[in-house]
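Below is work-v3.txt, which holds compact mmCIF, C-alpha atoms and all ligand atoms.
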```txt
# COMPACT_ATOMS: atom_id res chain seq x y z
CA MET A 22 -29.71 -20.91 6.44
CA ASN A 23 -30.83 -18.89 3.40
CA GLN A 24 -30.26 -15.17 3.84
CA ASN A 25 -32.46 -12.95 1.73
CA LEU A 26 -31.33 -9.35 1.32
CA THR A 27 -33.67 -8.49 -1.54
CA GLY A 28 -34.56 -4.79 -1.41
CA LYS A 29 -31.58 -3.95 0.80
CA VAL A 30 -28.79 -1.55 -0.14
CA ALA A 31 -25.27 -2.22 1.12
CA ILE A 32 -21.92 -0.41 1.06
CA VAL A 33 -18.65 -2.35 1.34
CA THR A 34 -15.43 -0.32 1.66
CA GLY A 35 -12.08 -1.72 0.52
CA ALA A 36 -14.08 -3.96 -1.80
CA ALA A 37 -11.81 -4.11 -4.86
CA ARG A 38 -10.15 -7.33 -3.66
CA GLY A 39 -9.65 -9.70 -0.73
CA ILE A 40 -12.26 -9.98 2.01
CA GLY A 41 -14.15 -6.86 0.87
CA PHE A 42 -14.68 -8.24 -2.63
CA ALA A 43 -15.90 -11.59 -1.26
CA VAL A 44 -18.31 -9.78 1.09
CA ALA A 45 -19.66 -7.58 -1.71
CA ALA A 46 -20.19 -10.61 -3.98
CA LYS A 47 -21.87 -12.57 -1.18
CA LEU A 48 -24.26 -9.72 -0.24
CA ALA A 49 -25.16 -9.28 -3.91
CA ALA A 50 -25.78 -13.02 -4.32
CA ALA A 51 -28.20 -12.78 -1.38
CA GLY A 52 -30.14 -10.10 -3.28
CA ALA A 53 -28.70 -6.81 -2.00
CA ARG A 54 -27.86 -3.85 -4.26
CA VAL A 55 -24.18 -3.40 -3.39
CA VAL A 56 -22.06 -0.28 -3.60
CA VAL A 57 -18.50 -1.45 -4.20
CA SER A 58 -16.04 1.12 -2.89
CA ASP A 59 -12.25 1.31 -2.87
CA LEU A 60 -9.44 3.86 -3.09
CA ASP A 61 -8.75 3.57 -6.77
CA GLU A 62 -11.42 4.47 -9.38
CA ALA A 63 -10.29 1.87 -11.93
CA ALA A 64 -10.03 -0.99 -9.41
CA THR A 65 -13.40 -0.05 -7.93
CA ARG A 66 -15.04 -0.12 -11.36
CA ALA A 67 -13.36 -3.41 -12.32
CA ALA A 68 -14.57 -5.11 -9.11
CA ALA A 69 -18.11 -3.75 -9.50
CA ASP A 70 -18.19 -5.08 -13.08
CA GLU A 71 -17.84 -8.61 -11.68
CA ILE A 72 -20.80 -8.29 -9.31
CA PRO A 73 -24.38 -8.28 -10.61
CA ASN A 74 -26.15 -4.93 -10.24
CA ALA A 75 -23.26 -3.41 -8.23
CA VAL A 76 -22.56 0.33 -8.16
CA PRO A 77 -18.92 1.54 -8.10
CA ILE A 78 -18.15 4.60 -5.94
CA ALA A 79 -14.48 5.25 -5.16
CA CYS A 80 -13.71 6.58 -1.68
CA ASP A 81 -10.66 7.01 0.53
CA VAL A 82 -12.07 6.14 3.96
CA ARG A 83 -9.55 8.47 5.64
CA ASP A 84 -11.23 11.48 4.06
CA GLU A 85 -14.36 12.74 5.82
CA ASP A 86 -15.77 14.53 2.77
CA GLN A 87 -15.34 11.42 0.63
CA VAL A 88 -17.06 9.14 3.16
CA LYS A 89 -19.93 11.61 3.52
CA ALA A 90 -20.25 11.76 -0.28
CA LEU A 91 -20.11 7.94 -0.53
CA VAL A 92 -23.16 7.65 1.72
CA GLU A 93 -25.02 10.56 0.07
CA GLN A 94 -24.41 9.21 -3.45
CA THR A 95 -25.49 5.72 -2.35
CA VAL A 96 -28.80 7.02 -1.02
CA GLU A 97 -29.30 9.15 -4.13
CA ARG A 98 -28.52 6.37 -6.60
CA CYS A 99 -29.95 3.35 -4.74
CA GLY A 100 -32.83 4.89 -2.78
CA GLY A 101 -31.56 4.25 0.75
CA LEU A 102 -29.00 2.38 2.86
CA HIS A 103 -29.49 -0.67 5.08
CA LEU A 104 -26.08 -2.33 5.44
CA MET A 105 -22.60 -0.90 5.94
CA VAL A 106 -19.43 -3.00 5.99
CA PRO A 107 -16.42 -0.80 6.84
CA ASN A 108 -13.84 -3.29 5.66
CA ALA A 109 -10.99 -1.18 4.23
CA GLY A 110 -7.76 -1.88 6.11
CA VAL A 111 -3.97 -1.87 5.80
CA ALA A 112 -1.21 -3.64 7.75
CA LYS A 113 2.41 -2.51 7.01
CA PRO A 114 4.17 -4.76 9.57
CA MET A 115 7.39 -3.47 11.18
CA PRO A 116 9.07 -3.46 14.58
CA LEU A 117 7.62 -1.01 17.07
CA THR A 118 11.02 0.56 17.62
CA SER A 119 11.41 1.51 13.96
CA MET A 120 7.79 2.58 13.44
CA SER A 121 7.50 6.28 12.62
CA LEU A 122 4.62 8.43 13.75
CA ALA A 123 3.67 8.68 10.06
CA ASP A 124 3.48 4.84 9.85
CA TRP A 125 1.34 4.76 12.98
CA ARG A 126 -0.97 7.47 11.66
CA TYR A 127 -1.30 5.89 8.22
CA VAL A 128 -2.46 2.53 9.59
CA THR A 129 -4.71 3.96 12.29
CA ALA A 130 -6.20 6.49 9.85
CA VAL A 131 -7.39 3.75 7.48
CA ASN A 132 -8.24 1.09 10.07
CA LEU A 133 -9.80 3.23 12.79
CA ASP A 134 -10.67 6.72 11.47
CA GLY A 135 -12.10 5.03 8.37
CA VAL A 136 -14.39 2.83 10.47
CA PHE A 137 -15.45 5.77 12.65
CA LEU A 138 -16.30 7.88 9.58
CA SER A 139 -18.13 4.98 7.92
CA ILE A 140 -20.32 4.40 10.98
CA ARG A 141 -20.71 8.14 11.63
CA TYR A 142 -22.17 8.83 8.18
CA ALA A 143 -23.87 5.49 7.45
CA ALA A 144 -25.85 5.27 10.68
CA PRO A 145 -28.15 8.29 10.05
CA ALA A 146 -28.83 7.05 6.51
CA ILE A 147 -29.63 3.54 7.78
CA ILE A 148 -31.96 5.00 10.42
CA ALA A 149 -33.68 7.13 7.76
CA SER A 150 -34.11 3.96 5.64
CA GLY A 151 -35.92 2.11 8.44
CA GLY A 152 -32.99 0.38 10.20
CA GLY A 153 -30.37 -2.22 9.36
CA SER A 154 -26.98 -3.54 10.25
CA ILE A 155 -23.32 -2.52 10.35
CA VAL A 156 -20.63 -5.21 10.36
CA THR A 157 -17.09 -4.04 11.05
CA VAL A 158 -14.07 -6.11 10.04
CA ALA A 159 -11.78 -6.18 13.07
CA SER A 160 -9.25 -8.96 13.70
CA VAL A 161 -8.14 -11.49 16.31
CA THR A 162 -5.15 -9.18 16.79
CA ALA A 163 -7.58 -7.02 18.79
CA THR A 164 -7.46 -9.60 21.59
CA ALA A 165 -3.74 -10.12 22.32
CA GLY A 166 -0.30 -8.79 21.54
CA SER A 167 1.16 -9.65 18.14
CA PRO A 168 4.70 -8.78 17.07
CA LEU A 169 5.33 -6.22 14.27
CA ILE A 170 1.80 -4.82 14.10
CA ALA A 171 1.47 -2.42 17.04
CA HIS A 172 -0.45 0.12 14.93
CA TYR A 173 -2.63 -2.53 13.31
CA ALA A 174 -3.47 -4.42 16.52
CA ALA A 175 -4.19 -1.21 18.44
CA SER A 176 -6.48 0.01 15.68
CA LYS A 177 -8.37 -3.30 15.60
CA ALA A 178 -8.80 -3.34 19.40
CA ALA A 179 -10.24 0.17 19.11
CA VAL A 180 -12.57 -0.97 16.31
CA VAL A 181 -13.96 -3.69 18.58
CA ASN A 182 -14.74 -1.16 21.30
CA LEU A 183 -16.11 1.35 18.77
CA THR A 184 -18.37 -1.44 17.48
CA LYS A 185 -19.71 -2.16 20.97
CA THR A 186 -20.26 1.52 21.76
CA ALA A 187 -22.03 2.12 18.44
CA ALA A 188 -24.18 -0.97 19.11
CA VAL A 189 -25.30 0.44 22.45
CA GLU A 190 -25.98 3.93 21.08
CA LEU A 191 -27.77 2.81 17.92
CA ARG A 192 -29.81 -0.18 19.15
CA ASP A 193 -32.94 1.82 19.91
CA HIS A 194 -32.75 3.41 16.46
CA GLY A 195 -32.96 0.02 14.75
CA VAL A 196 -29.28 -0.35 13.84
CA ARG A 197 -27.29 -3.39 14.98
CA VAL A 198 -23.49 -3.17 15.00
CA ASN A 199 -21.26 -6.25 15.20
CA ALA A 200 -17.64 -7.09 14.46
CA VAL A 201 -16.09 -10.09 12.74
CA MET A 202 -12.61 -10.91 14.00
CA PRO A 203 -10.79 -13.09 11.46
CA GLY A 204 -7.55 -14.91 12.09
CA PHE A 205 -5.07 -15.07 9.18
CA VAL A 206 -6.95 -15.19 5.87
CA GLU A 207 -5.44 -15.73 2.42
CA THR A 208 -5.46 -12.24 0.86
CA PRO A 209 -2.81 -9.85 -0.54
CA LEU A 210 -2.66 -8.22 2.92
CA VAL A 211 -1.25 -11.46 4.38
CA THR A 212 0.65 -12.88 1.41
CA GLY A 213 2.36 -9.51 0.93
CA SER A 214 3.58 -9.57 4.55
CA VAL A 215 5.01 -13.11 4.71
CA GLU A 216 8.57 -12.12 3.80
CA THR A 217 8.64 -9.30 6.36
CA PHE A 218 7.33 -11.61 9.08
CA GLU A 219 9.88 -14.31 8.26
CA GLN A 220 12.78 -11.85 8.17
CA GLN A 221 11.81 -9.89 11.27
CA LEU A 222 10.87 -12.93 13.36
CA GLY A 223 13.98 -14.87 12.27
CA LEU A 224 11.95 -17.65 10.65
CA PRO A 225 13.32 -19.76 7.79
CA ALA A 226 11.67 -19.55 4.36
CA GLY A 227 8.33 -21.34 4.75
CA GLY A 228 8.38 -20.66 8.49
CA PHE A 229 5.34 -18.39 8.35
CA ALA A 230 3.23 -21.10 6.72
CA ALA A 231 4.37 -23.59 9.36
CA LEU A 232 3.45 -21.13 12.12
CA ILE A 233 -0.03 -20.63 10.64
CA GLU A 234 -0.51 -24.39 10.36
CA GLN A 235 0.49 -24.86 13.98
CA LYS A 236 -1.64 -21.97 15.31
CA GLN A 237 -4.82 -22.12 13.24
CA GLY A 238 -4.57 -25.28 11.09
CA ARG A 239 -4.65 -23.40 7.78
CA LEU A 240 -5.27 -19.97 6.35
CA GLY A 241 -8.90 -18.89 6.35
CA THR A 242 -10.65 -18.05 3.10
CA THR A 243 -12.34 -14.80 2.12
CA GLU A 244 -15.53 -16.80 1.51
CA GLU A 245 -15.60 -17.93 5.12
CA VAL A 246 -15.34 -14.36 6.38
CA ALA A 247 -17.99 -13.23 3.89
CA ASP A 248 -20.38 -15.95 5.11
CA LEU A 249 -20.13 -14.62 8.67
CA VAL A 250 -20.60 -11.01 7.55
CA LEU A 251 -23.69 -12.06 5.60
CA LEU A 252 -25.08 -13.87 8.63
CA LEU A 253 -24.61 -10.81 10.85
CA ALA A 254 -26.05 -8.51 8.18
CA ASP A 255 -29.23 -10.54 7.92
CA ASP A 256 -32.29 -10.02 10.16
CA SER A 257 -32.18 -13.70 11.18
CA THR A 258 -29.44 -12.76 13.68
CA SER A 259 -31.37 -9.79 15.10
CA PHE A 260 -30.38 -10.59 18.72
CA PHE A 261 -26.67 -10.24 17.89
CA ASN A 262 -25.65 -6.72 18.80
CA GLY A 263 -22.24 -5.48 19.94
CA ALA A 264 -20.72 -8.92 19.37
CA GLY A 265 -17.12 -9.53 18.29
CA LEU A 266 -17.05 -12.94 16.65
CA ALA A 267 -13.69 -14.64 16.06
CA LEU A 268 -13.27 -17.01 13.11
CA ASP A 269 -9.71 -18.23 13.38
CA GLY A 270 -9.46 -22.03 13.37
CA GLY A 271 -8.84 -21.97 17.13
CA LEU A 272 -5.92 -19.49 17.09
CA THR A 273 -7.22 -17.43 20.01
CA ALA A 274 -8.51 -20.47 21.91
CA SER A 275 -5.05 -21.94 22.36
CA LEU A 276 -2.06 -21.24 24.60
CA PHE A 277 0.16 -23.78 22.79
N1 LIG B 301 -6.34 -11.03 5.59
C1 LIG B 301 -6.37 -11.26 6.89
O1 LIG B 301 -5.74 -12.19 7.40
C2 LIG B 301 -7.20 -10.40 7.79
C3 LIG B 301 -7.40 -10.84 9.10
C4 LIG B 301 -8.17 -10.07 9.96
C5 LIG B 301 -8.72 -8.90 9.51
N2 LIG B 301 -8.51 -8.48 8.24
C6 LIG B 301 -9.11 -7.22 7.83
O2 LIG B 301 -9.94 -7.43 6.72
C7 LIG B 301 -10.02 -6.22 5.97
C8 LIG B 301 -9.70 -6.53 4.52
O3 LIG B 301 -8.37 -7.02 4.45
P1 LIG B 301 -7.83 -7.94 3.27
O4 LIG B 301 -7.03 -8.98 3.91
O5 LIG B 301 -8.92 -8.29 2.33
O6 LIG B 301 -6.79 -6.89 2.62
P2 LIG B 301 -6.47 -6.51 1.12
O7 LIG B 301 -5.20 -5.75 1.19
O8 LIG B 301 -6.58 -7.68 0.23
O9 LIG B 301 -7.68 -5.52 0.74
C9 LIG B 301 -7.85 -4.28 1.39
C10 LIG B 301 -8.56 -3.32 0.46
O10 LIG B 301 -8.69 -2.07 1.16
C11 LIG B 301 -8.38 -1.03 0.23
N3 LIG B 301 -7.93 0.17 0.94
C12 LIG B 301 -6.73 0.42 1.52
N4 LIG B 301 -6.68 1.67 2.00
C13 LIG B 301 -7.90 2.23 1.74
C14 LIG B 301 -8.45 3.50 1.98
N5 LIG B 301 -7.75 4.47 2.59
N6 LIG B 301 -9.72 3.74 1.57
C15 LIG B 301 -10.42 2.78 0.92
N7 LIG B 301 -9.95 1.55 0.66
C16 LIG B 301 -8.69 1.29 1.06
C17 LIG B 301 -7.29 -1.61 -0.65
O11 LIG B 301 -7.18 -0.89 -1.86
C18 LIG B 301 -7.76 -3.04 -0.83
O12 LIG B 301 -8.61 -3.18 -1.95
C19 LIG B 301 -9.01 -5.25 6.61
O13 LIG B 301 -9.70 -4.39 7.50
C20 LIG B 301 -8.11 -6.19 7.37
O14 LIG B 301 -7.49 -5.55 8.46
C21 LIG B 301 -7.75 -9.21 7.36
```
What do you get writing this file as structure tokens?
Amino acid sequence: MNQNLTGKVAIVTGAARGIGFAVAAKLAAAGARVVVSDLDEAATRAAADEIPNAVPIACDVRDEDQVKALVEQTVERCGGLHLMVPNAGVAKPMPLTSMSLADWRYVTAVNLDGVFLSIRYAAPAIIASGGGSIVTVASVTATAGSPLIAHYAASKAAVVNLTKTAAVELRDHGVRVNAVMPGFVETPLVTGSVETFEQQLGLPAGGFAALIEQKQGRLGTTEEVADLVLLLADDSTSFFNGAGLALDGGLTASLF
């Protein structure tokens, strides 16, 4: 299938690296004008430099004023908004019993408040631009318990429900809202957590890789997630609304 996003304007948060960068590049390759957004000004600019016609706008998704300004500046500079991908997320794995309230609030602020604010401010702009699509980046951890990531998994489960609720509220205004739910994907978020997982779960060195191979065959790639985001962003999937689509090599399909 050949998605054509020519004439569309998209925002991707957390787009300086990992899944967000792959999504931004993929949307741009399909013809969209993409606003690349991340926490850090320099990283945001560097990522945007690698994507044709991209616009860098730094934004901390935890900050309401910054998210509002991100949307306003996008509309001002690009003439409208049609696609929003609230992708920014953090993990910080640790046992539940040593998790501080500050740890909990940090992870849920980025992963859940950030998605709420992104939808809250993007939706009116998308409606004013004639309609479009929002694709949230949840996780398979939304569907079952996973050790060491109570804050992360809870935030992702909430994102899935927020996605469904937004889909129901916004459908008649021409905005579709869907979630992608990746399994483990090769990005700094995962590679930076391997040692903690191995230590805390009592796995030998290399044990995390073996677990991934057993559970989902291999790590997913950022390209694979980006392909699904692109599909959901495109009008060819206009009957998808409120969906949470897992791409996980069978991880959530299996008991053993
Ligand atoms: N990698 C995986 O296995 C995996 C699986 C399922 C879901 N996800 C989700 O995909 C999304 C992207 O993850 P990734 O693996 O590419 O991670 P990553 O760590 O490679 O990239 C995350 C990006 O988000 C940015 N970010 C962090 N806090 C931010 C904030 N407050 N405001 C704006 N940007 C901020 C970071 O600077 C970074 O560029 C996250 O929502 C993550 O939960 C990842």
(message) Which residues are near ligand LIG 301 (chain B) - at most 8 Å, using all atoms listed in the file? Format: as an NGL selection string.
(response) :A and (34-42 or 58-61 or 64 or 79-84 or 107-112 or 130-132 or 135 or 158-162 or 173 or 177 or 202-211 or 240-241 or 243)
Taking C-alpha atoms for each residue, export the selection above as a CSV table (one decimal), keeping the file's coordinate frame.
```
chain,number,residue,atom,x,y,z
A,34,THR,CA,-15.4,-0.3,1.7
A,35,GLY,CA,-12.1,-1.7,0.5
A,36,ALA,CA,-14.1,-4.0,-1.8
A,37,ALA,CA,-11.8,-4.1,-4.9
A,38,ARG,CA,-10.2,-7.3,-3.7
A,39,GLY,CA,-9.6,-9.7,-0.7
A,40,ILE,CA,-12.3,-10.0,2.0
A,41,GLY,CA,-14.2,-6.9,0.9
A,42,PHE,CA,-14.7,-8.2,-2.6
A,58,SER,CA,-16.0,1.1,-2.9
A,59,ASP,CA,-12.2,1.3,-2.9
A,60,LEU,CA,-9.4,3.9,-3.1
A,61,ASP,CA,-8.8,3.6,-6.8
A,64,ALA,CA,-10.0,-1.0,-9.4
A,79,ALA,CA,-14.5,5.2,-5.2
A,80,CYS,CA,-13.7,6.6,-1.7
A,81,ASP,CA,-10.7,7.0,0.5
A,82,VAL,CA,-12.1,6.1,4.0
A,83,ARG,CA,-9.6,8.5,5.6
A,84,ASP,CA,-11.2,11.5,4.1
A,107,PRO,CA,-16.4,-0.8,6.8
A,108,ASN,CA,-13.8,-3.3,5.7
A,109,ALA,CA,-11.0,-1.2,4.2
A,110,GLY,CA,-7.8,-1.9,6.1
A,111,VAL,CA,-4.0,-1.9,5.8
A,112,ALA,CA,-1.2,-3.6,7.8
A,130,ALA,CA,-6.2,6.5,9.8
A,131,VAL,CA,-7.4,3.8,7.5
A,132,ASN,CA,-8.2,1.1,10.1
A,135,GLY,CA,-12.1,5.0,8.4
A,158,VAL,CA,-14.1,-6.1,10.0
A,159,ALA,CA,-11.8,-6.2,13.1
A,160,SER,CA,-9.2,-9.0,13.7
A,161,VAL,CA,-8.1,-11.5,16.3
A,162,THR,CA,-5.2,-9.2,16.8
A,173,TYR,CA,-2.6,-2.5,13.3
A,177,LYS,CA,-8.4,-3.3,15.6
A,202,MET,CA,-12.6,-10.9,14.0
A,203,PRO,CA,-10.8,-13.1,11.5
A,204,GLY,CA,-7.6,-14.9,12.1
A,205,PHE,CA,-5.1,-15.1,9.2
A,206,VAL,CA,-7.0,-15.2,5.9
A,207,GLU,CA,-5.4,-15.7,2.4
A,208,THR,CA,-5.5,-12.2,0.9
A,209,PRO,CA,-2.8,-9.8,-0.5
A,210,LEU,CA,-2.7,-8.2,2.9
A,211,VAL,CA,-1.2,-11.5,4.4
A,240,LEU,CA,-5.3,-20.0,6.4
A,241,GLY,CA,-8.9,-18.9,6.4
A,243,THR,CA,-12.3,-14.8,2.1
```
(request) Have a look at A:Leu253, A:Ala226, A:Ala51, A:Ala165 and name the one nearest to Val106 (chain A); count only C-alpha atoms. (result) A:Leu253
(request) One decimal, Å: what's the distance from CA of Leu251 (chain A) over to CA of Leu48 (chain A), could you say? (result) 6.3 Å
Please list, as an mmCIF file with C-alpha atoms, in the frame of the given file, the residues that have an atom at most 12 Å away from (-28.3, -2.2, -12.3) in the coordinates of this file, counting all atoms listed in the file.
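New file out.cif:
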```cif
data_model
loop_
_atom_site.group_PDB
_atom_site.id
_atom_site.type_symbol
_atom_site.label_atom_id
_atom_site.label_comp_id
_atom_site.auth_asym_id
_atom_site.auth_seq_id
_atom_site.Cartn_x
_atom_site.Cartn_y
_atom_site.Cartn_z
ATOM 1 C CA ALA A 49 -25.160 -9.280 -3.910
ATOM 2 C CA ALA A 53 -28.700 -6.810 -2.000
ATOM 3 C CA ARG A 54 -27.860 -3.850 -4.260
ATOM 4 C CA VAL A 55 -24.180 -3.400 -3.390
ATOM 5 C CA VAL A 56 -22.060 -0.280 -3.600
ATOM 6 C CA ALA A 69 -18.110 -3.750 -9.500
ATOM 7 C CA ASP A 70 -18.190 -5.080 -13.080
ATOM 8 C CA ILE A 72 -20.800 -8.290 -9.310
ATOM 9 C CA PRO A 73 -24.380 -8.280 -10.610
ATOM 10 C CA ASN A 74 -26.150 -4.930 -10.240
ATOM 11 C CA ALA A 75 -23.260 -3.410 -8.230
ATOM 12 C CA VAL A 76 -22.560 0.330 -8.160
ATOM 13 C CA PRO A 77 -18.920 1.540 -8.100
ATOM 14 C CA ARG A 98 -28.520 6.370 -6.600
ATOM 15 C CA CYS A 99 -29.950 3.350 -4.740
#
```
(request) Counting all atoms listed in the file, find the residues whose atoms lie at most 12 Å from (-37.0, 1.1, 10.7) (file coordinates) and write them out as a PyMOL selection string. (result) chain A and resi 101-103+144-154+191-197
(request) Between CA of Thr129 (chain A) and CA of Met115 (chain A), measure the distance and give it in Å to one decimal. (result)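 Between these atoms lies a distance of 14.2 Å.
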At a cut-off of 10 Å, using all atoms listed in the file, what residues contact Ala230 (chain A)? Leave out same-chain residues fewer than 6 positions from it and give the result as a compact mmCIF listing (two decimals) with C-alpha atoms, in the frame of the given file.
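Writing done, so here's result_29.txt:
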```
# COMPACT_ATOMS: atom_id res chain seq x y z
CA VAL A 215 5.01 -13.11 4.71
CA GLU A 219 9.88 -14.31 8.26
CA LYS A 236 -1.64 -21.97 15.31
CA GLY A 238 -4.57 -25.28 11.09
CA ARG A 239 -4.65 -23.40 7.78
CA LEU A 240 -5.27 -19.97 6.35
```
(message) Under the rule that all atoms listed in the file are counted, which of A:Leu222, A:Val92, A:Ala187, A:Leu249 is the nearest residue to Val201 (chain A)?
(response)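 Looking at the shortest contact to Val201 (chain A), the residue is A:Leu249.
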